[in-house]
file final.csv (CSV, C-alpha atoms)
chain,number,residue,atom,x,y,z
A,1,MET,CA,-4.1,-47.0,-61.4
A,2,LYS,CA,-7.0,-49.4,-61.7
A,3,LYS,CA,-8.8,-49.2,-65.0
A,4,VAL,CA,-12.4,-50.1,-65.2
A,5,VAL,CA,-13.5,-51.4,-68.5
A,6,PRO,CA,-17.2,-50.6,-69.0
A,7,LEU,CA,-19.4,-53.7,-69.0
A,8,PRO,CA,-21.4,-54.3,-72.1
A,9,SER,CA,-25.0,-53.3,-71.9
A,10,LEU,CA,-27.1,-56.4,-70.9
A,11,ARG,CA,-29.7,-57.5,-73.2
A,12,ALA,CA,-32.9,-58.9,-71.9
A,13,HIS,CA,-33.5,-62.3,-73.3
A,14,GLY,CA,-36.6,-64.5,-73.3
A,15,ASP,CA,-37.3,-67.9,-71.9
A,16,THR,CA,-37.5,-70.0,-75.1
A,17,ASP,CA,-36.5,-73.5,-74.2
A,18,TRP,CA,-33.8,-73.9,-76.9
A,19,SER,CA,-32.8,-77.4,-75.6
A,20,GLN,CA,-36.3,-78.8,-76.3
A,21,LEU,CA,-36.4,-76.9,-79.6
A,22,LEU,CA,-33.1,-78.3,-80.7
A,23,ALA,CA,-34.1,-81.9,-79.7
A,24,SER,CA,-37.4,-81.5,-81.7
A,25,MET,CA,-35.5,-80.3,-84.7
A,26,ALA,CA,-33.3,-83.3,-84.6
A,27,LYS,CA,-36.2,-85.7,-84.2
A,28,THR,CA,-38.4,-84.1,-86.9
A,29,GLY,CA,-36.0,-82.5,-89.3
A,30,ASP,CA,-38.3,-79.5,-89.3
A,31,ARG,CA,-36.6,-76.6,-91.1
A,32,ALA,CA,-38.8,-74.0,-89.5
A,33,LEU,CA,-37.2,-74.9,-86.2
A,34,PHE,CA,-33.8,-74.5,-87.8
A,35,VAL,CA,-34.8,-71.1,-89.0
A,36,GLN,CA,-35.8,-70.2,-85.5
A,37,ILE,CA,-32.5,-71.3,-84.1
A,38,PHE,CA,-30.7,-69.5,-86.9
A,39,GLN,CA,-32.5,-66.2,-86.3
A,40,HIS,CA,-31.7,-66.3,-82.6
A,41,TYR,CA,-28.2,-67.7,-82.5
A,42,ALA,CA,-26.5,-66.7,-85.8
A,43,PRO,CA,-26.3,-63.0,-85.0
A,44,LEU,CA,-25.0,-63.8,-81.5
A,45,LEU,CA,-22.4,-66.1,-82.9
A,46,LYS,CA,-21.3,-63.5,-85.4
A,47,SER,CA,-21.0,-61.0,-82.6
A,48,TYR,CA,-19.0,-63.4,-80.5
A,49,MET,CA,-16.6,-64.5,-83.2
A,50,LEU,CA,-15.8,-61.0,-84.2
A,51,ARG,CA,-15.0,-60.2,-80.6
A,52,LEU,CA,-12.7,-63.3,-80.4
A,53,GLY,CA,-10.8,-61.9,-83.4
A,54,VAL,CA,-12.2,-63.7,-86.4
A,55,LEU,CA,-11.8,-61.6,-89.5
A,56,GLU,CA,-14.8,-59.8,-90.9
A,57,SER,CA,-14.2,-61.4,-94.2
A,58,VAL,CA,-14.6,-65.0,-92.9
A,59,VAL,CA,-16.9,-64.5,-90.0
A,60,GLU,CA,-20.1,-65.2,-91.9
A,61,GLU,CA,-18.7,-68.4,-93.4
A,62,LEU,CA,-17.8,-69.6,-89.9
A,63,VAL,CA,-21.2,-68.8,-88.5
A,64,GLN,CA,-22.8,-70.6,-91.4
A,65,GLU,CA,-20.5,-73.6,-90.8
A,66,SER,CA,-21.5,-73.6,-87.2
A,67,MET,CA,-25.2,-73.5,-88.0
A,68,LEU,CA,-24.7,-76.4,-90.4
A,69,THR,CA,-22.9,-78.3,-87.7
A,70,ILE,CA,-25.7,-77.6,-85.3
A,71,TRP,CA,-28.1,-79.1,-87.9
A,72,ARG,CA,-25.9,-82.1,-88.5
A,73,LYS,CA,-25.1,-82.9,-84.9
A,74,ALA,CA,-28.4,-82.1,-83.3
A,75,GLY,CA,-29.1,-85.8,-83.1
A,76,SER,CA,-26.3,-86.3,-80.6
A,77,PHE,CA,-27.6,-83.5,-78.4
A,78,ASP,CA,-29.3,-85.0,-75.3
A,79,PRO,CA,-31.6,-82.4,-73.7
A,80,ALA,CA,-31.4,-84.4,-70.4
A,81,ARG,CA,-27.7,-84.2,-70.1
A,82,ALA,CA,-26.8,-81.1,-72.0
A,83,GLU,CA,-28.0,-77.5,-72.4
A,84,ALA,CA,-28.5,-75.9,-75.8
A,85,GLY,CA,-26.8,-72.5,-75.0
A,86,ALA,CA,-23.7,-74.2,-73.6
A,87,TRP,CA,-23.7,-76.7,-76.5
A,88,ILE,CA,-23.9,-74.1,-79.2
A,89,TYR,CA,-21.4,-71.8,-77.4
A,90,THR,CA,-18.7,-74.5,-77.2
A,91,LEU,CA,-19.4,-75.6,-80.8
A,92,ALA,CA,-18.9,-72.0,-82.0
A,93,ARG,CA,-15.9,-71.4,-79.7
A,94,ASN,CA,-14.2,-74.5,-81.2
A,95,LYS,CA,-15.1,-73.4,-84.7
A,96,ALA,CA,-13.6,-69.9,-84.2
A,97,ILE,CA,-10.5,-71.1,-82.4
A,98,ASP,CA,-9.8,-73.9,-84.9
A,99,TRP,CA,-9.9,-71.4,-87.7
A,100,MET,CA,-7.8,-68.8,-85.9
A,101,ARG,CA,-5.1,-71.3,-84.8
A,102,LYS,CA,-5.3,-73.7,-87.7
A,103,GLN,CA,-5.4,-76.6,-85.2
A,104,LYS,CA,-8.2,-78.1,-83.3
A,105,TYR,CA,-8.8,-76.8,-79.7
A,106,PRO,CA,-8.3,-79.9,-77.5
A,107,THR,CA,-11.6,-81.0,-76.0
A,108,CYS,CA,-12.5,-84.0,-73.9
A,109,SER,CA,-15.5,-85.1,-75.9
A,110,LEU,CA,-13.8,-86.0,-79.2
A,111,ASP,CA,-16.1,-87.4,-81.8
A,112,GLY,CA,-16.3,-91.1,-81.7
A,113,TYR,CA,-14.9,-91.4,-78.2
A,114,GLU,CA,-17.5,-91.8,-75.5
A,115,GLU,CA,-15.8,-91.5,-72.2
A,116,ASP,CA,-17.6,-92.9,-69.2
A,117,THR,CA,-19.5,-89.8,-68.1
A,118,GLN,CA,-22.1,-91.5,-66.0
A,119,ASP,CA,-20.5,-91.5,-62.5
A,120,SER,CA,-20.2,-87.9,-61.4
A,121,ASP,CA,-21.6,-85.7,-64.1
A,122,HIS,CA,-24.8,-83.8,-63.7
A,123,GLU,CA,-28.2,-85.3,-62.9
A,124,PRO,CA,-30.7,-85.2,-65.9
A,125,GLY,CA,-32.0,-81.7,-66.2
A,126,GLU,CA,-29.6,-80.2,-63.7
A,127,LEU,CA,-27.8,-78.0,-66.2
A,128,HIS,CA,-31.1,-76.4,-67.2
A,129,LEU,CA,-31.7,-75.4,-63.6
A,130,ILE,CA,-28.2,-74.0,-63.4
A,131,ARG,CA,-28.7,-72.1,-66.6
A,132,HIS,CA,-31.9,-70.7,-65.2
A,133,LYS,CA,-30.2,-69.5,-62.0
A,134,MET,CA,-27.1,-68.3,-63.9
A,135,LYS,CA,-29.1,-65.4,-65.4
A,136,THR,CA,-29.6,-63.9,-62.0
A,137,ALA,CA,-26.4,-65.1,-60.4
A,138,ILE,CA,-24.2,-63.2,-62.9
A,139,ASN,CA,-26.0,-59.9,-62.1
A,140,GLU,CA,-25.2,-60.5,-58.4
A,141,LEU,CA,-21.4,-60.5,-59.0
A,142,PRO,CA,-19.5,-57.5,-57.7
A,143,PRO,CA,-18.4,-55.4,-60.8
A,144,GLU,CA,-14.7,-56.3,-60.4
A,145,GLN,CA,-15.5,-60.0,-60.6
A,146,ALA,CA,-18.1,-59.6,-63.4
A,147,GLN,CA,-15.5,-57.7,-65.4
A,148,VAL,CA,-12.9,-60.5,-65.5
A,149,ILE,CA,-15.7,-63.0,-66.4
A,150,TYR,CA,-16.8,-60.8,-69.2
A,151,MET,CA,-13.3,-60.3,-70.5
A,152,SER,CA,-12.7,-64.0,-70.4
A,153,TYR,CA,-15.8,-65.1,-72.2
A,154,PHE,CA,-16.5,-62.1,-74.5
A,155,GLU,CA,-13.0,-61.7,-75.7
A,156,GLY,CA,-11.3,-65.0,-75.0
A,157,ARG,CA,-8.6,-63.2,-73.1
A,158,ALA,CA,-5.9,-65.1,-71.1
A,159,HIS,CA,-5.3,-64.1,-67.5
A,160,ALA,CA,-2.0,-62.3,-68.4
A,161,GLU,CA,-3.8,-60.2,-71.0
A,162,ILE,CA,-6.5,-59.3,-68.5
A,163,ALA,CA,-3.9,-58.4,-66.0
A,164,ALA,CA,-2.1,-56.1,-68.4
A,165,LYS,CA,-5.3,-54.5,-69.6
A,166,LEU,CA,-6.6,-53.7,-66.1
A,167,GLY,CA,-3.2,-52.9,-64.7
A,168,ILE,CA,-3.5,-55.4,-61.9
A,169,PRO,CA,-1.2,-58.4,-60.9
A,170,LEU,CA,-1.8,-61.7,-62.5
A,171,GLY,CA,-2.6,-63.2,-59.1
A,172,SER,CA,-5.4,-60.7,-58.6
A,173,VAL,CA,-7.0,-61.7,-61.9
A,174,LYS,CA,-6.9,-65.4,-60.9
A,175,ALA,CA,-8.2,-64.5,-57.4
A,176,ARG,CA,-11.1,-62.6,-58.9
A,177,ILE,CA,-12.0,-65.4,-61.2
A,178,ARG,CA,-11.9,-67.9,-58.4
A,179,LEU,CA,-14.1,-65.8,-56.2
A,180,ALA,CA,-16.6,-65.3,-59.0
A,181,SER,CA,-16.7,-69.0,-59.8
A,182,ALA,CA,-17.2,-69.8,-56.1
A,183,LYS,CA,-20.0,-67.2,-55.8
A,184,LEU,CA,-21.8,-68.5,-58.9
A,185,ARG,CA,-21.5,-72.1,-57.6
A,186,ASN,CA,-22.9,-71.1,-54.2
A,187,PHE,CA,-25.8,-69.4,-56.0
A,188,TRP,CA,-27.0,-72.5,-57.8
A,189,GLU,CA,-26.0,-75.0,-55.1
A,190,GLY,CA,-27.5,-72.9,-52.4
A,191,GLU,CA,-31.1,-73.7,-52.9
B,192,MET,CA,-10.7,-96.0,-62.2
B,193,THR,CA,-8.3,-94.5,-59.8
B,194,THR,CA,-9.4,-91.7,-57.4
B,195,ILE,CA,-8.3,-88.3,-58.5
B,196,ARG,CA,-6.9,-86.2,-55.7
B,197,HIS,CA,-5.6,-83.1,-57.4
B,198,HIS,CA,-7.9,-81.1,-59.6
B,199,LEU,CA,-8.0,-78.1,-61.9
B,200,ASP,CA,-8.1,-74.6,-60.5
B,201,ASP,CA,-11.3,-72.7,-61.3
B,202,ALA,CA,-9.3,-69.9,-62.9
B,203,THR,CA,-7.8,-72.5,-65.3
B,204,LEU,CA,-11.2,-73.9,-66.1
B,205,VAL,CA,-12.6,-70.5,-66.9
B,206,SER,CA,-9.7,-69.9,-69.2
B,207,TYR,CA,-10.2,-73.2,-70.8
B,208,THR,CA,-14.0,-72.9,-71.4
B,209,SER,CA,-13.6,-69.3,-72.7
B,210,GLY,CA,-11.1,-70.5,-75.3
B,211,ALA,CA,-8.3,-68.4,-73.8
B,212,LEU,CA,-5.8,-71.2,-73.1
B,213,THR,CA,-3.1,-72.0,-75.6
B,214,ASN,CA,-3.6,-75.4,-77.3
B,215,SER,CA,-0.7,-76.9,-75.4
B,216,MET,CA,-2.3,-76.0,-72.0
B,217,ALA,CA,-5.8,-76.9,-73.3
B,218,LEU,CA,-4.5,-80.3,-74.2
B,219,VAL,CA,-3.5,-81.1,-70.6
B,220,VAL,CA,-6.9,-79.7,-69.4
B,221,ALA,CA,-8.8,-81.9,-71.8
B,222,CYS,CA,-6.8,-85.0,-70.9
B,223,HIS,CA,-7.6,-84.4,-67.2
B,224,LEU,CA,-11.3,-83.8,-67.9
B,225,SER,CA,-11.5,-87.0,-69.8
B,226,VAL,CA,-10.7,-88.9,-66.6
B,227,CYS,CA,-12.1,-86.6,-63.9
B,228,GLY,CA,-15.9,-86.4,-63.4
B,229,GLU,CA,-15.6,-83.7,-60.8
B,230,CYS,CA,-13.7,-81.3,-63.0
B,231,ARG,CA,-15.9,-82.3,-66.0
B,232,LYS,CA,-18.9,-81.3,-64.0
B,233,ARG,CA,-17.4,-77.9,-63.1
B,234,CYS,CA,-16.4,-77.5,-66.7
B,235,GLY,CA,-20.0,-78.2,-67.8
B,236,GLU,CA,-21.2,-75.4,-65.5
B,237,MET,CA,-18.7,-73.0,-67.0
B,238,GLU,CA,-19.9,-73.8,-70.5
B,239,VAL,CA,-23.4,-72.9,-69.3
B,240,LEU,CA,-21.9,-69.7,-68.2
B,241,GLY,CA,-20.4,-69.3,-71.7
B,242,GLY,CA,-23.9,-69.9,-73.1
B,243,GLU,CA,-25.4,-67.3,-70.9
B,244,MET,CA,-22.6,-64.8,-71.9
B,245,LEU,CA,-23.4,-65.4,-75.5
B,246,GLU,CA,-27.0,-64.3,-74.9
B,247,ARG,CA,-25.7,-61.0,-73.5
B,248,LEU,CA,-23.9,-60.0,-76.6
B,249,GLN,CA,-25.3,-57.4,-78.9
B,250,PRO,CA,-26.3,-59.4,-82.0
B,251,VAL,CA,-24.7,-58.5,-85.3
B,252,ASP,CA,-26.9,-59.1,-88.3
B,253,LEU,CA,-25.8,-61.4,-91.1
B,254,SER,CA,-26.0,-60.6,-94.7
B,255,ASP,CA,-29.5,-61.1,-96.3
B,256,ALA,CA,-28.4,-64.1,-98.3
B,257,ALA,CA,-27.0,-66.0,-95.3
B,258,LEU,CA,-30.1,-67.9,-94.3
B,259,GLN,CA,-31.1,-68.8,-97.8
B,260,ASN,CA,-27.6,-70.0,-98.6
B,261,LEU,CA,-27.8,-72.3,-95.5
B,262,LEU,CA,-31.2,-73.6,-96.4
B,263,ASP,CA,-29.9,-74.4,-99.9
B,264,ALA,CA,-27.0,-76.2,-98.3
B,265,LEU,CA,-29.4,-78.3,-96.2
B,266,ASP,CA,-30.9,-79.8,-99.4
B,267,GLY,CA,-29.2,-83.1,-99.8
B,268,GLU,CA,-28.3,-83.2,-96.1
B,269,GLU,CA,-30.0,-85.7,-93.9
B,270,ALA,CA,-31.1,-84.0,-90.7
B,271,SER,CA,-29.0,-85.0,-87.7
B,272,GLU,CA,-26.8,-87.7,-89.0
B,273,PRO,CA,-25.4,-89.9,-86.3
B,274,THR,CA,-21.7,-89.4,-85.6
B,275,PRO,CA,-19.7,-91.4,-88.1
B,276,LYS,CA,-16.7,-93.7,-87.6
B,277,ALA,CA,-15.4,-94.7,-84.2
B,278,PRO,CA,-11.6,-94.4,-84.2
B,279,SER,CA,-9.6,-97.1,-82.5
B,280,PRO,CA,-9.7,-96.5,-78.7
B,281,PRO,CA,-6.5,-95.4,-77.0
B,282,PRO,CA,-4.6,-97.7,-74.5
B,283,ALA,CA,-5.8,-97.4,-70.9
B,284,ASP,CA,-3.0,-95.0,-69.9
B,285,VAL,CA,-3.4,-92.6,-72.8
B,286,PRO,CA,-6.3,-90.1,-72.3
B,287,ALA,CA,-8.5,-89.9,-75.4
B,288,PRO,CA,-7.6,-86.2,-76.2
B,289,LEU,CA,-3.9,-87.1,-76.3
B,290,TRP,CA,-4.4,-90.0,-78.7
B,291,PRO,CA,-4.5,-88.0,-81.9
B,292,TYR,CA,-1.2,-86.3,-81.0
B,293,ILE,CA,0.8,-89.6,-80.5
B,294,ASP,CA,-1.2,-92.4,-82.1
B,295,LYS,CA,1.1,-95.0,-80.5
B,296,PRO,CA,1.2,-96.6,-77.1
B,297,LEU,CA,3.5,-94.7,-74.7
B,298,ASP,CA,6.1,-97.4,-74.7
B,299,GLU,CA,6.4,-97.3,-78.5
B,300,LEU,CA,7.1,-93.5,-78.8
B,301,ALA,CA,10.4,-92.2,-79.9
B,302,TRP,CA,11.6,-90.9,-76.5
B,303,LYS,CA,14.5,-88.5,-76.7
B,304,SER,CA,17.0,-88.8,-73.9
B,305,LEU,CA,17.6,-85.7,-71.9
B,306,ALA,CA,19.9,-87.0,-69.2
B,307,PRO,CA,20.2,-90.4,-67.4
B,308,GLY,CA,16.7,-91.2,-66.2
B,309,PHE,CA,15.0,-88.4,-68.1
B,310,ALA,CA,13.4,-88.6,-71.6
B,311,TYR,CA,10.8,-86.6,-73.4
B,312,VAL,CA,8.6,-86.5,-76.5
B,313,ASP,CA,7.5,-83.2,-78.1
B,314,LEU,CA,3.8,-82.9,-78.9
B,315,PRO,CA,2.8,-80.9,-82.0
B,316,CYS,CA,0.8,-78.1,-80.5
B,317,GLN,CA,0.4,-74.9,-82.5
B,318,GLY,CA,0.9,-71.4,-81.0
B,319,THR,CA,2.8,-70.2,-78.0
B,320,GLY,CA,3.9,-72.5,-75.3
B,321,ALA,CA,4.8,-76.1,-75.5
B,322,SER,CA,3.6,-79.5,-74.4
B,323,LYS,CA,5.6,-82.6,-73.9
B,324,LEU,CA,5.5,-86.0,-72.5
B,325,LEU,CA,8.2,-86.4,-69.8
B,326,ARG,CA,9.5,-89.8,-68.6
B,327,ILE,CA,11.3,-89.9,-65.3
B,328,ALA,CA,12.9,-92.9,-63.7
B,329,PRO,CA,12.0,-94.0,-60.1
B,330,GLY,CA,13.9,-92.1,-57.4
B,331,LYS,CA,14.8,-89.2,-59.7
B,332,SER,CA,14.1,-85.7,-58.6
B,333,VAL,CA,13.7,-82.4,-60.3
B,334,LEU,CA,15.6,-79.4,-58.8
B,335,PRO,CA,13.5,-77.2,-56.5
B,336,HIS,CA,11.9,-74.6,-58.6
B,337,THR,CA,9.1,-72.0,-58.7
B,338,HIS,CA,7.0,-71.2,-61.7
B,339,THR,CA,7.3,-67.9,-63.5
B,340,GLY,CA,4.1,-68.5,-65.4
B,341,ASN,CA,1.5,-71.3,-65.7
B,342,GLU,CA,2.5,-74.9,-65.9
B,343,LEU,CA,0.2,-77.8,-66.0
B,344,THR,CA,1.3,-81.4,-65.3
B,345,MET,CA,-0.8,-84.5,-65.5
B,346,VAL,CA,0.4,-87.8,-64.4
B,347,LEU,CA,-0.3,-90.6,-66.9
B,348,ARG,CA,1.7,-93.4,-65.2
B,349,GLY,CA,3.6,-93.8,-61.9
B,350,SER,CA,3.6,-91.0,-59.3
B,351,PHE,CA,5.6,-88.2,-57.8
B,352,VAL,CA,5.6,-86.4,-54.5
B,353,ASP,CA,6.4,-82.7,-53.8
B,354,GLU,CA,5.6,-80.1,-51.2
B,355,VAL,CA,2.0,-80.0,-52.3
B,356,GLY,CA,1.3,-83.7,-52.0
B,357,ARG,CA,1.4,-87.0,-53.9
B,358,PHE,CA,0.4,-87.0,-57.6
B,359,ALA,CA,-0.7,-90.3,-59.2
B,360,SER,CA,-2.3,-91.3,-62.4
B,361,GLY,CA,-5.0,-88.8,-63.5
B,362,ASP,CA,-3.9,-86.2,-61.0
B,363,ILE,CA,-3.1,-82.7,-62.2
B,364,ALA,CA,-0.7,-80.2,-60.8
B,365,ASP,CA,-2.1,-76.8,-61.5
B,366,ILE,CA,0.2,-74.6,-59.6
B,367,ASP,CA,1.3,-71.0,-60.1
B,368,ASP,CA,4.3,-69.0,-59.1
B,369,ALA,CA,3.3,-68.9,-55.5
B,370,ILE,CA,4.7,-72.3,-54.8
B,371,GLU,CA,8.3,-73.7,-54.8
B,372,HIS,CA,8.4,-77.4,-55.2
B,373,GLN,CA,10.7,-80.3,-55.9
B,374,PRO,CA,9.0,-83.2,-57.4
B,375,LEU,CA,10.5,-86.7,-56.7
B,376,VAL,CA,9.3,-89.8,-58.5
B,377,ASP,CA,8.3,-92.2,-55.7
B,378,SER,CA,6.7,-95.0,-57.7
B,379,PRO,CA,8.6,-98.2,-58.3
B,380,GLU,CA,7.7,-97.8,-62.0
B,381,THR,CA,8.8,-95.0,-64.3
B,382,CYS,CA,6.7,-91.9,-64.1
B,383,ILE,CA,5.2,-90.5,-67.3
B,384,CYS,CA,3.7,-87.0,-67.2
B,385,LEU,CA,2.1,-84.7,-69.7
B,386,ILE,CA,3.4,-81.2,-69.2
B,387,ALA,CA,2.5,-77.9,-70.8
B,388,THR,CA,3.6,-74.3,-70.4
B,389,ASP,CA,2.1,-71.2,-71.8
B,390,GLY,CA,5.2,-69.3,-72.7
B,391,PRO,CA,7.8,-70.3,-75.3
B,392,LEU,CA,10.8,-70.0,-73.1
B,393,ARG,CA,9.6,-71.5,-69.9
B,394,PHE,CA,9.7,-75.1,-70.9
B,395,THR,CA,13.3,-74.8,-71.9
B,396,SER,CA,14.1,-73.5,-68.5
B,397,LEU,CA,12.2,-76.3,-66.9
B,398,LEU,CA,14.2,-78.8,-68.8
B,399,GLY,CA,17.3,-76.9,-67.9
B,400,ARG,CA,16.4,-77.2,-64.3
B,401,ILE,CA,15.9,-80.9,-64.6
B,402,VAL,CA,19.2,-81.5,-66.3
B,403,GLN,CA,21.2,-79.3,-64.0
B,404,PRO,CA,21.8,-81.7,-61.1
B,405,LEU,CA,22.7,-84.5,-63.5
B,406,THR,CA,25.5,-82.7,-65.5
B,407,GLY,CA,27.5,-83.0,-62.3
B,408,PHE,CA,27.8,-86.7,-62.6

call {"tool": "encode", "arguments": {"input": "final.csv", "output": "structure tokens"}}
result
Amino acid sequence: MKKVVPLPSLRAHGDTDWSQLLASMAKTGDRALFVQIFQHYAPLLKSYMLRLGVLESVVEELVQESMLTIWRKAGSFDPARAEAGAWIYTLARNKAIDWMRKQKYPTCSLDGYEEDTQDSDHEPGELHLIRHKMKTAINELPPEQAQVIYMSYFEGRAHAEIAAKLGIPLGSVKARIRLASAKLRNFWEGE
Amino acid sequence: MTTIRHHLDDATLVSYTSGALTNSMALVVACHLSVCGECRKRCGEMEVLGGEMLERLQPVDLSDAALQNLLDALDGEEASEPTPKAPSPPPADVPAPLWPYIDKPLDELAWKSLAPGFAYVDLPCQGTGASKLLRIAPGKSVLPHTHTGNELTMVLRGSFVDEVGRFASGDIADIDDAIEHQPLVDSPETCICLIATDGPLRFTSLLGRIVQPLTGF
């Protein structure tokens, strides 16, 4: 009855501080740093966009657009308040969805509007710590919970789709995601 | 800034950050995030999760020319231009993400009457599902109902109470089919909500439920 979708094999990845690298690139305009970011992220973005459903024929164009946006907007990236992986991920997600839906994915940080984000957002550097702990935390999730997280992020699947694919009720999908979120949060708040 | 008492469900935030929500649902989430530091904080953490997920994908090589094409494109580009143009800020009761969809203060919108005390404005969201602004007069109530799918409601003005609690400006009702509720507008002023559903038919049935008690007048 229950189907288990095999998890993708996990790649080991290094400890390059992409946030500092991105900030340096913005400050110096050094193309060698851009090439470094491209070589690491462009193949990952291509892989991600293909999984989301971007057509093979346009995926390279969207990856290149994303890389160009990274170059252009790096000046607004604040390494104290943001984390490079998350920043690049959301940028690419929006690029892919905007193309697939022909309408902008609504986000709260619209260009030009600076909402008051001072009161309860993260402390400077906090997201980097979370990122650091996240690597281990994900590996600690029970397979059933990891699976719904992977299906959400790797494939952009809605809860109902995940439920249909796994043959479990919608409520169970939500419950697993809630449990996984709580576990991850405990992990980085716990120490 | 008012205190937010009702927040987004973690499951909804994962769907939002992973790009799985319909644009109509994502609009309500983004509007709540724009006023709720607590949810924004959790959302930021889930984006970090997204970044970590990205690292775990098997990379797919780009064509040989891709990097050179990009570097050529950088010629003539200033590195890291600051963000251009600041559009006119929205009125205080319009969350920034909603502003491009209406571009007018709430009181100047072309409200369509649904029944005495009820009016709505359609928002142009692509894809399945729908999002609307709903304006309900004080003392009016929606028929008791459950949710067959996902519905998100954010209060922009006024307030309502139901079995879950009291929802005021900035609060979000993120409830699923487990709950039956009967919202009643308890503010002296008109209540304006931003509502989204993720299925095409569900909103129609919600509006049907609202109108039902009134057709008897």

call {"tool": "closest_residue", "arguments": {"input": "final.csv", "among": "A:Leu22, A:Ala96, A:Leu141, A:Ile177", "to": "chain B", "atoms": "only C-alpha atoms"}}
result
A:Ile177

call {"tool": "interface_residues", "arguments": {"input": "final.csv", "of": "chain B", "to": "chain A", "cutoff": "6 Å", "atoms": "all atoms listed in the file", "output": "list in words"}}
result
Asp201, Ala202, Ser209, Gly210, Ala211, Asn214, Ala217, Leu218, Ala221, Ser225, Gly228, Lys232, Glu238, Val239, Gly242, Arg247, Pro250, Val251, Asp252, Ala270, Ser271, Glu272, Ala277 and Pro288 of chain B

call {"tool": "write_last_selection", "arguments": {"input": "final.csv", "atoms": "C-alpha atoms", "output": "short mmCIF file (atom, residue, chain, number, x, y, z; two decimals), keeping the file's coordinate frame"}}
result
data_model
loop_
_atom_site.label_atom_id
_atom_site.label_comp_id
_atom_site.auth_asym_id
_atom_site.auth_seq_id
_atom_site.Cartn_x
_atom_site.Cartn_y
_atom_site.Cartn_z
CA ASP B 201 -11.30 -72.70 -61.30
CA ALA B 202 -9.30 -69.90 -62.90
CA SER B 209 -13.60 -69.30 -72.70
CA GLY B 210 -11.10 -70.50 -75.30
CA ALA B 211 -8.30 -68.40 -73.80
CA ASN B 214 -3.60 -75.40 -77.30
CA ALA B 217 -5.80 -76.90 -73.30
CA LEU B 218 -4.50 -80.30 -74.20
CA ALA B 221 -8.80 -81.90 -71.80
CA SER B 225 -11.50 -87.00 -69.80
CA GLY B 228 -15.90 -86.40 -63.40
CA LYS B 232 -18.90 -81.30 -64.00
CA GLU B 238 -19.90 -73.80 -70.50
CA VAL B 239 -23.40 -72.90 -69.30
CA GLY B 242 -23.90 -69.90 -73.10
CA ARG B 247 -25.70 -61.00 -73.50
CA PRO B 250 -26.30 -59.40 -82.00
CA VAL B 251 -24.70 -58.50 -85.30
CA ASP B 252 -26.90 -59.10 -88.30
CA ALA B 270 -31.10 -84.00 -90.70
CA SER B 271 -29.00 -85.00 -87.70
CA GLU B 272 -26.80 -87.70 -89.00
CA ALA B 277 -15.40 -94.70 -84.20
CA PRO B 288 -7.60 -86.20 -76.20
#

call {"tool": "closest_residue", "arguments": {"input": "final.csv", "among": "B:Gly308, B:Asp377, B:Pro281, B:Gly318", "to": "B:Lys295", "atoms": "only C-alpha atoms"}}
result
B:Pro281

call {"tool": "closest_residue", "arguments": {"input": "final.csv", "among": "B:Gly361, B:Pro329, B:Gly356, B:Gly340", "to": "B:Val376", "atoms": "all atoms listed in the file"}}
result
B:Pro329

call {"tool": "atom_distance", "arguments": {"input": "final.csv", "atom1": "atom CA of B:Glu342", "atom2": "atom CA of B:Asp362"}}
result
13.9 Å
